[in-house]
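Student: You'll find my_file-v8.tsv just under this line, and it carries TSV, C-alpha atoms.
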chain	number	residue	atom	x	y	z
A	1	MET	CA	0.00	0.00	0.00
A	2	GLU	CA	1.01	3.64	-0.37
A	3	THR	CA	0.99	6.19	2.42
A	4	PHE	CA	-2.55	7.54	2.38
A	5	CYS	CA	-2.93	11.30	2.18
A	6	ILE	CA	-5.96	13.43	1.42
A	7	ASN	CA	-6.16	16.86	-0.17
A	8	ILE	CA	-8.03	19.53	1.81
A	9	PHE	CA	-8.28	22.91	0.00
A	10	GLY	CA	-4.98	22.30	-1.78
A	11	ARG	CA	-3.10	21.13	1.30
A	12	ILE	CA	-1.92	17.55	1.57
A	13	VAL	CA	-2.93	16.05	4.91
A	14	PRO	CA	-1.72	12.51	5.69
A	15	MET	CA	-4.12	10.23	7.50
A	16	TYR	CA	-1.74	10.21	10.48
A	17	GLY	CA	-2.81	13.72	11.48
A	18	ILE	CA	-6.46	13.10	10.65
A	19	MET	CA	-6.47	9.93	12.78
A	20	ILE	CA	-4.83	11.65	15.77
A	21	SER	CA	-7.46	14.43	15.66
A	22	ALA	CA	-10.32	11.97	15.06
A	23	GLY	CA	-9.11	9.82	17.96
A	24	ILE	CA	-9.03	12.75	20.38
A	25	ILE	CA	-12.47	14.01	19.31
A	26	ILE	CA	-14.16	10.57	19.40
A	27	ALA	CA	-12.49	9.69	22.72
A	28	GLY	CA	-13.66	13.07	24.09
A	29	ALA	CA	-17.22	12.42	22.89
A	30	VAL	CA	-17.29	8.93	24.47
A	31	GLY	CA	-15.82	10.33	27.70
A	32	TYR	CA	-18.42	13.12	27.70
A	33	LYS	CA	-21.28	10.60	27.36
A	34	LEU	CA	-19.90	8.42	30.18
A	35	VAL	CA	-19.31	11.42	32.45
A	36	ILE	CA	-22.87	12.75	31.90
A	37	ARG	CA	-24.24	9.25	32.50
A	38	GLU	CA	-22.47	9.11	35.89
A	39	GLY	CA	-23.83	12.56	36.83
A	40	LEU	CA	-20.42	14.28	36.83
A	41	SER	CA	-19.67	17.81	35.57
A	42	GLU	CA	-18.93	18.09	31.83
A	43	ASP	CA	-16.91	21.28	32.43
A	44	ASP	CA	-14.61	19.57	34.92
A	45	PHE	CA	-14.20	16.72	32.43
A	46	PHE	CA	-13.07	19.09	29.67
A	47	ILE	CA	-10.75	20.99	32.05
A	48	LEU	CA	-9.15	17.70	33.05
A	49	SER	CA	-9.01	16.46	29.44
A	50	GLY	CA	-7.25	19.63	28.28
A	51	ILE	CA	-4.64	19.47	31.03
A	52	VAL	CA	-4.07	15.75	30.49
A	53	LEU	CA	-3.70	16.36	26.74
A	54	LEU	CA	-1.16	19.16	27.29
A	55	PHE	CA	0.90	17.19	29.79
A	56	GLY	CA	0.50	14.03	27.72
A	57	MET	CA	1.80	15.73	24.57
A	58	PHE	CA	4.71	17.16	26.52
A	59	GLY	CA	5.56	13.77	28.08
A	60	ALA	CA	5.20	11.89	24.77
A	61	LYS	CA	7.46	14.37	23.01
A	62	LEU	CA	10.02	14.50	25.82
A	63	LEU	CA	10.44	10.70	25.94
A	64	TYR	CA	10.69	10.61	22.14
A	65	LEU	CA	13.45	13.25	22.20
A	66	ILE	CA	15.28	11.44	25.02
A	67	ILE	CA	15.20	8.14	23.10
A	68	ASN	CA	16.24	9.78	19.81
A	69	TRP	CA	18.63	12.40	21.22
A	70	LYS	CA	21.50	11.10	19.08
A	71	GLU	CA	19.55	11.90	15.89
A	72	ILE	CA	18.81	15.51	16.86
A	73	GLU	CA	20.77	17.97	14.73
A	74	TRP	CA	21.83	20.41	17.45
A	75	GLY	CA	23.24	22.86	14.88
A	76	LYS	CA	19.72	23.46	13.53
A	77	ILE	CA	18.02	23.62	16.92
A	78	LEU	CA	17.30	27.37	16.66
A	79	GLU	CA	15.77	27.14	13.15
A	80	TRP	CA	11.96	27.50	13.27
A	81	ASN	CA	11.33	24.87	10.55
A	82	TYR	CA	13.50	22.34	12.38
A	83	ILE	CA	11.78	23.11	15.70
A	84	GLN	CA	8.39	22.52	14.01
A	85	GLN	CA	9.69	19.26	12.53
A	86	LEU	CA	10.99	18.11	15.91
A	87	LEU	CA	7.79	19.10	17.73
A	88	GLY	CA	5.43	17.59	15.18
A	89	GLY	CA	6.96	14.22	14.45
A	90	GLY	CA	7.26	11.33	16.82
A	91	PHE	CA	5.43	10.80	20.06
A	92	VAL	CA	6.03	7.97	22.51
A	93	PHE	CA	2.79	6.64	24.00
A	94	TYR	CA	4.28	5.72	27.37
A	95	GLY	CA	5.75	9.23	27.74
A	96	GLY	CA	2.24	10.56	27.13
A	97	LEU	CA	0.77	8.21	29.72
A	98	ILE	CA	3.29	9.28	32.36
A	99	GLY	CA	2.85	12.98	31.45
A	100	GLY	CA	-0.94	12.65	31.60
A	101	ILE	CA	-0.77	11.02	35.06
A	102	LEU	CA	1.46	13.88	36.28
A	103	GLY	CA	-1.15	16.34	34.90
A	104	LEU	CA	-3.89	14.55	36.85
A	105	VAL	CA	-1.82	14.65	40.04
A	106	LEU	CA	-1.28	18.39	39.55
A	107	VAL	CA	-5.03	19.08	39.05
A	108	ASN	CA	-5.80	16.95	42.12
A	109	GLN	CA	-3.40	19.07	44.18
A	110	ILE	CA	-4.39	22.55	43.01
A	111	SER	CA	-8.16	22.27	42.41
A	112	ASP	CA	-11.29	20.96	44.07
A	113	ILE	CA	-12.04	18.51	41.23
A	114	ASN	CA	-12.34	14.88	42.36
A	115	VAL	CA	-9.91	13.58	39.76
A	116	MET	CA	-10.29	9.87	40.54
A	117	ASN	CA	-14.04	9.94	39.79
A	118	TYR	CA	-13.33	11.24	36.30
A	119	VAL	CA	-10.43	8.85	35.69
A	120	LYS	CA	-12.53	5.87	36.74
A	121	THR	CA	-15.37	6.95	34.43
A	122	ALA	CA	-13.43	8.14	31.39
A	123	ILE	CA	-10.63	5.54	31.31
A	124	PRO	CA	-11.94	4.01	28.00
A	125	CYS	CA	-10.99	7.31	26.27
A	126	LEU	CA	-7.34	6.31	26.48
A	127	PRO	CA	-7.48	3.07	24.45
A	128	ILE	CA	-9.89	4.69	21.96
A	129	ALA	CA	-7.52	7.62	21.22
A	130	HIS	CA	-4.55	5.27	21.18
A	131	GLY	CA	-6.28	2.88	18.76
A	132	PHE	CA	-6.92	5.72	16.29
A	133	GLY	CA	-3.28	6.79	16.66
A	134	ARG	CA	-2.18	3.27	15.72
A	135	ILE	CA	-4.39	3.33	12.59
A	136	GLY	CA	-2.63	6.62	11.76
A	137	CYS	CA	0.72	4.84	12.20
A	138	PHE	CA	-0.47	2.15	9.79
A	139	PHE	CA	-1.29	4.76	7.13
A	140	ALA	CA	1.98	6.65	7.73
A	141	GLY	CA	4.00	3.44	7.56
A	142	CYS	CA	5.70	4.01	10.89
A	143	CYS	CA	5.83	1.56	13.85
A	144	TYR	CA	5.77	-1.21	11.24
A	145	GLY	CA	6.01	-4.96	11.86
A	146	ILE	CA	8.56	-7.67	11.19
A	147	PRO	CA	8.88	-9.22	7.70
A	148	TYR	CA	5.99	-11.65	7.27
A	149	ASP	CA	4.18	-13.09	4.23
A	150	GLY	CA	1.16	-14.80	5.80
A	151	PRO	CA	-2.47	-13.68	5.74
A	152	PHE	CA	-3.15	-9.91	6.11
A	153	CYS	CA	0.50	-9.02	5.42
A	154	VAL	CA	1.04	-5.46	4.24
A	155	ASP	CA	3.36	-4.40	1.44
A	156	TYR	CA	4.28	-0.71	1.58
A	157	GLN	CA	5.19	1.18	-1.58
A	158	ALA	CA	7.28	4.38	-1.65
A	159	PRO	CA	7.14	6.86	-0.08
A	160	THR	CA	6.75	5.55	3.47
A	161	LEU	CA	8.88	5.10	6.56
A	162	ALA	CA	8.53	1.32	6.27
A	163	PRO	CA	10.89	-0.72	4.05
A	164	VAL	CA	9.62	-0.73	0.48
A	165	GLY	CA	8.61	-3.93	-1.29
A	166	ILE	CA	8.85	-6.21	1.76
A	167	SER	CA	5.73	-7.88	3.13
A	168	LEU	CA	5.29	-6.90	6.77
A	169	PHE	CA	3.21	-7.99	9.74
A	170	PRO	CA	0.38	-5.41	10.30
A	171	VAL	CA	1.29	-4.93	13.97
A	172	GLN	CA	-0.20	-1.41	14.07
A	173	LEU	CA	-3.67	-2.66	13.12
A	174	LEU	CA	-3.45	-5.55	15.58
A	175	GLU	CA	-2.63	-3.11	18.39
A	176	ALA	CA	-5.48	-0.82	17.28
A	177	ILE	CA	-7.95	-3.75	17.38
A	178	ALA	CA	-6.65	-4.74	20.84
A	179	ASP	CA	-7.09	-1.13	22.05
A	180	PHE	CA	-10.67	-0.94	20.76
A	181	LEU	CA	-11.48	-4.32	22.32
A	182	ILE	CA	-10.15	-3.16	25.70
A	183	ALA	CA	-12.23	0.05	25.38
A	184	VAL	CA	-15.44	-1.86	24.50
A	185	ILE	CA	-14.98	-4.29	27.43
A	186	ILE	CA	-14.37	-1.46	29.93
A	187	ILE	CA	-17.32	0.62	28.61
A	188	ASP	CA	-19.55	-2.46	28.90
A	189	LEU	CA	-18.41	-3.01	32.51
A	190	ILE	CA	-18.88	0.68	33.40
A	191	VAL	CA	-22.40	0.70	31.87
A	192	LYS	CA	-23.34	-2.50	33.77
A	193	LYS	CA	-21.60	-1.91	37.11
A	194	GLY	CA	-20.99	1.85	37.25
A	195	GLN	CA	-17.55	3.39	37.60
A	196	GLY	CA	-14.88	1.67	39.65
A	197	MET	CA	-11.17	1.03	39.96
A	198	PHE	CA	-11.61	-2.17	37.90
A	199	GLY	CA	-11.54	-0.14	34.68
A	200	ILE	CA	-8.09	1.31	35.46
A	201	TYR	CA	-6.66	-2.06	36.56
A	202	LEU	CA	-8.16	-3.82	33.56
A	203	TYR	CA	-6.81	-1.24	31.12
A	204	LEU	CA	-3.29	-1.09	32.55
A	205	THR	CA	-2.94	-4.85	33.01
A	206	SER	CA	-4.29	-5.83	29.60
A	207	TYR	CA	-2.39	-3.10	27.78
A	208	VAL	CA	1.02	-3.83	29.32
A	209	ILE	CA	0.63	-7.54	28.48
A	210	ILE	CA	-0.51	-6.84	24.90
A	211	ARG	CA	2.21	-4.24	24.40
A	212	PHE	CA	4.93	-6.49	25.81
A	213	LEU	CA	3.90	-9.30	23.42
A	214	LEU	CA	3.39	-7.09	20.35
A	215	GLU	CA	6.84	-5.52	20.77
A	216	ASN	CA	8.23	-8.85	19.52
A	217	PHE	CA	6.43	-8.31	16.21
A	218	ARG	CA	7.78	-4.77	15.69
A	219	GLY	CA	10.30	-4.37	12.91
A	220	ASP	CA	11.30	-0.70	13.16
A	221	SER	CA	14.90	-0.65	14.28
A	222	GLU	CA	15.39	3.02	15.31
A	223	ARG	CA	13.81	2.43	18.73
A	224	GLY	CA	15.59	2.30	22.05
A	225	ARG	CA	16.73	-1.14	23.23
A	226	TRP	CA	18.56	-2.17	26.40
A	227	LEU	CA	19.71	-5.70	27.16
A	228	LEU	CA	16.98	-8.19	26.18
A	229	PHE	CA	14.06	-5.80	25.82
A	230	SER	CA	13.00	-2.60	24.08
A	231	THR	CA	12.31	0.61	26.04
A	232	SER	CA	8.55	-0.06	25.86
A	233	GLN	CA	8.97	-3.60	27.15
A	234	TRP	CA	10.96	-2.29	30.12
A	235	ILE	CA	8.25	0.29	30.81
A	236	SER	CA	5.58	-2.45	30.45
A	237	LEU	CA	7.50	-4.58	32.95
A	238	GLY	CA	7.82	-1.62	35.34
A	239	ILE	CA	4.09	-0.80	35.17
A	240	GLY	CA	3.25	-4.51	35.51
A	241	CYS	CA	5.41	-4.75	38.66
A	242	ILE	CA	3.78	-1.61	40.15
A	243	ILE	CA	0.24	-2.98	39.49
A	244	GLY	CA	1.23	-6.42	40.82
A	245	GLY	CA	2.81	-4.90	43.95
A	246	PHE	CA	-0.22	-2.69	44.54
A	247	CYS	CA	-2.63	-5.65	44.22
A	248	LEU	CA	-0.52	-7.77	46.61
A	249	PHE	CA	-0.46	-4.87	49.09
A	250	LYS	CA	-4.26	-4.58	48.89
A	251	ILE	CA	-4.70	-8.35	49.44
A	252	TYR	CA	-2.28	-8.20	52.39
A	253	LYS	CA	-4.18	-5.26	53.90
A	254	LYS	CA	-7.52	-7.01	53.43
A	255	ARG	CA	-6.29	-10.23	55.11
A	256	ARG	CA	-4.79	-8.25	57.99
A	257	ARG	CA	-8.08	-6.44	58.53
A	258	GLU	CA	-9.98	-9.74	58.45
A	259	LYS	CA	-7.60	-11.23	61.03
A	260	TRP	CA	-7.94	-8.13	63.23
A	261	GLU	CA	-11.76	-8.32	63.04
A	262	LEU	CA	-11.62	-12.04	63.93
A	263	HIS	CA	-9.56	-11.34	67.06
A	264	HIS	CA	-11.64	-8.34	68.21
B	1	MET	CA	-11.71	33.76	30.88
B	2	GLY	CA	-14.48	33.44	28.27
B	3	VAL	CA	-12.91	36.23	26.16
B	4	ALA	CA	-9.44	34.71	26.53
B	5	SER	CA	-10.82	31.32	25.44
B	6	LEU	CA	-12.48	32.87	22.37
B	7	VAL	CA	-9.29	34.76	21.41
B	8	LEU	CA	-7.12	31.65	21.84
B	9	GLY	CA	-9.63	29.53	19.90
B	10	ILE	CA	-9.66	31.96	16.96
B	11	ILE	CA	-5.84	32.22	16.95
B	12	SER	CA	-5.50	28.42	16.99
B	13	ILE	CA	-7.94	28.10	14.05
B	14	VAL	CA	-5.99	30.74	12.08
B	15	LEU	CA	-2.61	29.16	12.87
B	16	GLY	CA	-3.94	25.70	12.02
B	17	VAL	CA	-5.62	26.69	8.75
B	18	PHE	CA	-2.70	28.77	7.44
B	19	GLY	CA	-0.20	26.18	8.56
B	20	PHE	CA	2.34	28.32	10.36
B	21	GLY	CA	3.16	27.85	14.00
B	22	VAL	CA	0.89	24.80	14.15
B	23	PRO	CA	2.47	23.39	17.35
B	24	VAL	CA	1.67	26.74	18.98
B	25	GLY	CA	-1.86	26.56	17.49
B	26	ALA	CA	-2.48	23.16	19.07
B	27	ILE	CA	-1.21	24.30	22.47
B	28	LEU	CA	-3.24	27.56	22.35
B	29	GLY	CA	-6.34	25.58	21.32
B	30	ILE	CA	-6.01	23.22	24.29
B	31	VAL	CA	-5.43	26.13	26.71
B	32	GLY	CA	-8.50	27.85	25.17
B	33	THR	CA	-10.58	24.71	25.74
B	34	VAL	CA	-9.55	24.60	29.41
B	35	LEU	CA	-10.27	28.33	29.91
B	36	GLY	CA	-13.63	28.03	28.09
B	37	SER	CA	-14.65	25.13	30.33
B	38	MET	CA	-13.59	27.05	33.46
B	39	ALA	CA	-15.62	30.09	32.35
B	40	LYS	CA	-18.66	27.89	31.55
B	41	LYS	CA	-18.35	26.28	34.98
B	42	ASN	CA	-18.41	29.68	36.71
B	43	ASP	CA	-21.27	31.02	34.58
B	44	PRO	CA	-23.21	28.40	32.57
B	45	ALA	CA	-25.09	31.12	30.63
B	46	ASN	CA	-21.87	32.79	29.38
B	47	SER	CA	-22.21	32.67	25.59
B	48	LEU	CA	-18.66	34.00	25.06
B	49	ALA	CA	-17.33	31.05	27.02
B	50	LYS	CA	-19.40	28.61	24.94
B	51	SER	CA	-18.17	30.20	21.69
B	52	GLY	CA	-14.60	30.18	22.99
B	53	PHE	CA	-14.90	26.53	23.93
B	54	VAL	CA	-16.23	25.52	20.50
B	55	CYS	CA	-13.61	27.62	18.63
B	56	SER	CA	-10.84	26.17	20.77
B	57	VAL	CA	-11.95	22.57	20.15
B	58	VAL	CA	-12.13	23.23	16.39
B	59	GLY	CA	-8.75	25.03	16.43
B	60	THR	CA	-7.16	22.19	18.40
B	61	ALA	CA	-8.50	19.56	15.97
B	62	ILE	CA	-7.31	21.48	12.87
B	63	SER	CA	-3.92	22.33	14.38
B	64	LEU	CA	-3.30	18.77	15.54
B	65	ALA	CA	-4.24	17.36	12.11
B	66	PHE	CA	-1.87	19.73	10.32
B	67	PHE	CA	0.69	19.69	13.13
B	68	VAL	CA	1.50	16.02	12.76
B	69	ALA	CA	0.66	16.20	9.06
B	70	CYS	CA	3.48	18.61	8.17
B	71	VAL	CA	6.10	16.34	9.60
B	72	GLY	CA	4.27	13.33	8.20
B	73	CYS	CA	4.89	14.70	4.71
B	74	ALA	CA	8.50	15.56	5.49
B	75	GLY	CA	8.93	12.09	6.97
B	76	CYS	CA	7.43	10.49	3.86
B	77	ALA	CA	9.80	12.46	1.65
B	78	THR	CA	12.88	11.40	3.55
B	79	ALA	CA	11.49	7.84	3.74
B	80	GLY	CA	12.73	6.92	7.12
B	81	SER	CA	16.16	8.53	7.07
B	82	ALA	CA	15.14	10.86	9.87
B	83	GLY	CA	13.00	8.24	11.60
B	84	LEU	CA	10.92	11.09	12.95
B	85	LEU	CA	7.60	9.27	13.00
B	86	SER	CA	8.91	6.14	14.57
B	87	GLY	CA	7.25	6.60	17.94
B	88	LEU	CA	7.35	3.54	20.15
Show this structure as structure tokens.
Tutor:
Amino acid sequence: METFCINIFGRIVPMYGIMISAGIIIAGAVGYKLVIREGLSEDDFFILSGIVLLFGMFGAKLLYLIINWKEIEWGKILEWNYIQQLLGGGFVFYGGLIGGILGLVLVNQISDINVMNYVKTAIPCLPIAHGFGRIGCFFAGCCYGIPYDGPFCVDYQAPTLAPVGISLFPVQLLEAIADFLIAVIIIDLIVKKGQGMFGIYLYLTSYVIIRFLLENFRGDSERGRWLLFSTSQWISLGIGCIIGGFCLFKIYKKRRREKWELHH
Amino acid sequence: MGVASLVLGIISIVLGVFGFGVPVGAILGIVGTVLGSMAKKNDPANSLAKSGFVCSVVGTAISLAFFVACVGCAGCATAGSAGLLSGL
């Protein structure tokens, strides 16, 4: 396939940008519906969303620049076109996730908004936006898969970022499907049970497992790698350990309370 | 805050549509959305805040589409030599 671009009033717009925008708008609309359904304030939701988006963009860009710092042309760093190029291209999802969480912590500290209520309700927004981003990657030819010639293989033609003329595994689409599936399952649970911490646990646990596995099917070589795993696999492992530790702590606390109640 | 949101929303639409300073357009649009929501929260009947909110959302969407698009095209042209779109 060729990189898919569309022409809007004489300007060429690749699907990557369209998909990022569509993902944010659709995720915002779904989040809005869920928030209204739970009786929360729509204004607080949009305030939170804006701050999370700003911090998320900053975090995603910062981690991308840290990983690719060797490729930055420091001689051009003061040129406006180069700054635009650096700012516009390349975002690392995990950087965005960490940045977004920092944004939430900041809002929780400085305002009277009950951040956790909104996070618990609007958590499906994250996989929805991410899924659209991955479809954008598929169209742009970035984040491509390993060479593969089985069913559903994709063969990019010039000009793309993927190697030309080699059949590749459509890892971007597989990740997008996984993201949408996670979102549908969490929305279904929220609609049936109401908001709860289960949505956050379910999202983080399922995503880190899926991401860790799918990293093995990624073929783009410019990404950070240390020892056996890629940067994203290390981050997946780290998040997995934090969730696991937190769950064990909760189980330990629950058992201790049960024992205490038995004795008193 | 409603006026500030409207001004930021209009600037972000202009920056996005004309394609210069699009990263700034996206950031201004998001800040405008936050300010518009804060103004709407304080006074739900504030029509300036509502207009500012809508303009900011539209400006953010346009700027983000063109923002990543510009580099998308540059990335396509260099066909991976820069590796700029190879987010993890």
Student: Quick one: distance from CA of Tyr64 in chain A to CA of Gly95 in chain A in Å, one decimal?
Tutor: 7.6 Å
Student: Restricting the calculation to all atoms listed in the file: of A:Phe249, A:Phe93, A:Tyr82, A:Tyr32, which residue gets closest to chain B?
Tutor: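 Looking only at the distances to chain B, the closest residue turns out to be A:Phe93.
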Student: Restrict the calculation to all atoms listed in the file, then for each residue of range 13-109 of chain A with any atom at most 10 Å from an atom of range 194-214 of chain A give the closest atom pair and their distance in Å to one decimal, rows by chain and rising residue number, as CSV.
Tutor:
residue,atom,partner,partner_atom,distance
A:Leu34,CA,A:Gln195,CA,9.3
A:Val35,CA,A:Gln195,CA,9.7
A:Arg37,CA,A:Gly194,CA,9.4
A:Glu38,CA,A:Gly194,CA,7.5
Student: Would you pick out the contacts of range 42-50 of chain B at 9 Å or less, using only C-alpha atoms, so that residues sharing its chain but fewer than 4 positions from it are not included, and give the list as a CSV table (one decimal) with C-alpha atoms, keeping the file's coordinate frame?
Tutor:
chain,number,residue,atom,x,y,z
B,1,MET,CA,-11.7,33.8,30.9
B,2,GLY,CA,-14.5,33.4,28.3
B,3,VAL,CA,-12.9,36.2,26.2
B,4,ALA,CA,-9.4,34.7,26.5
B,5,SER,CA,-10.8,31.3,25.4
B,6,LEU,CA,-12.5,32.9,22.4
B,35,LEU,CA,-10.3,28.3,29.9
B,36,GLY,CA,-13.6,28.0,28.1
B,37,SER,CA,-14.6,25.1,30.3
B,38,MET,CA,-13.6,27.0,33.5
B,54,VAL,CA,-16.2,25.5,20.5
B,55,CYS,CA,-13.6,27.6,18.6
Student: Can you measure CA of Tyr156 in chain A to CA of Ile20 in chain A for me? One decimal in Å is fine.
Tutor: 20.9 Å
Student: Quick one: distance from CA of Gly99 in chain A to CA of Leu63 in chain A in Å, one decimal?
Tutor: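 If I compute the distance from CA of Gly99 in chain A to CA of Leu63 in chain A, I get 9.7 Å.
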Student: Any chance you could turn range 170-183 of chain A into a file with N, CA, C and O atoms, as a short mmCIF file (atom, residue, chain, number, x, y, z; two decimals), in the first residue's frame?
Tutor:
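Resulting contents of decode-v7.cif:
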data_model
loop_
_atom_site.label_atom_id
_atom_site.label_comp_id
_atom_site.auth_asym_id
_atom_site.auth_seq_id
_atom_site.Cartn_x
_atom_site.Cartn_y
_atom_site.Cartn_z
N PRO A 170 1.11 -6.66 10.01
CA PRO A 170 0.38 -5.41 10.30
C PRO A 170 0.21 -5.18 11.81
O PRO A 170 -0.90 -5.15 12.33
N VAL A 171 1.33 -5.01 12.50
CA VAL A 171 1.29 -4.93 13.97
C VAL A 171 0.51 -3.71 14.46
O VAL A 171 -0.13 -3.74 15.51
N GLN A 172 0.53 -2.62 13.65
CA GLN A 172 -0.20 -1.41 14.07
C GLN A 172 -1.70 -1.67 14.16
O GLN A 172 -2.36 -1.24 15.11
N LEU A 173 -2.23 -2.39 13.13
CA LEU A 173 -3.67 -2.66 13.12
C LEU A 173 -4.06 -3.63 14.24
O LEU A 173 -5.11 -3.48 14.86
N LEU A 174 -3.17 -4.59 14.51
CA LEU A 174 -3.45 -5.55 15.58
C LEU A 174 -3.52 -4.82 16.93
O LEU A 174 -4.41 -5.08 17.74
N GLU A 175 -2.61 -3.87 17.13
CA GLU A 175 -2.63 -3.11 18.39
C GLU A 175 -3.88 -2.23 18.46
O GLU A 175 -4.48 -2.09 19.53
N ALA A 176 -4.27 -1.66 17.30
CA ALA A 176 -5.48 -0.82 17.28
C ALA A 176 -6.71 -1.66 17.65
O ALA A 176 -7.53 -1.24 18.47
N ILE A 177 -6.80 -2.86 17.08
CA ILE A 177 -7.95 -3.75 17.38
C ILE A 177 -7.95 -4.09 18.87
O ILE A 177 -8.99 -4.05 19.53
N ALA A 178 -6.75 -4.40 19.41
CA ALA A 178 -6.65 -4.74 20.84
C ALA A 178 -7.10 -3.55 21.69
O ALA A 178 -7.84 -3.72 22.67
N ASP A 179 -6.69 -2.34 21.30
CA ASP A 179 -7.09 -1.13 22.05
C ASP A 179 -8.61 -0.95 22.04
O ASP A 179 -9.21 -0.68 23.09
N PHE A 180 -9.21 -1.11 20.85
CA PHE A 180 -10.67 -0.94 20.76
C PHE A 180 -11.40 -2.01 21.56
O PHE A 180 -12.41 -1.73 22.19
N LEU A 181 -10.86 -3.24 21.55
CA LEU A 181 -11.48 -4.32 22.32
C LEU A 181 -11.45 -3.99 23.82
O LEU A 181 -12.45 -4.16 24.53
N ILE A 182 -10.27 -3.53 24.28
CA ILE A 182 -10.15 -3.16 25.70
C ILE A 182 -11.19 -2.08 26.03
O ILE A 182 -11.88 -2.15 27.04
N ALA A 183 -11.30 -1.06 25.14
CA ALA A 183 -12.23 0.05 25.38
C ALA A 183 -13.67 -0.46 25.46
O ALA A 183 -14.42 -0.10 26.38
#
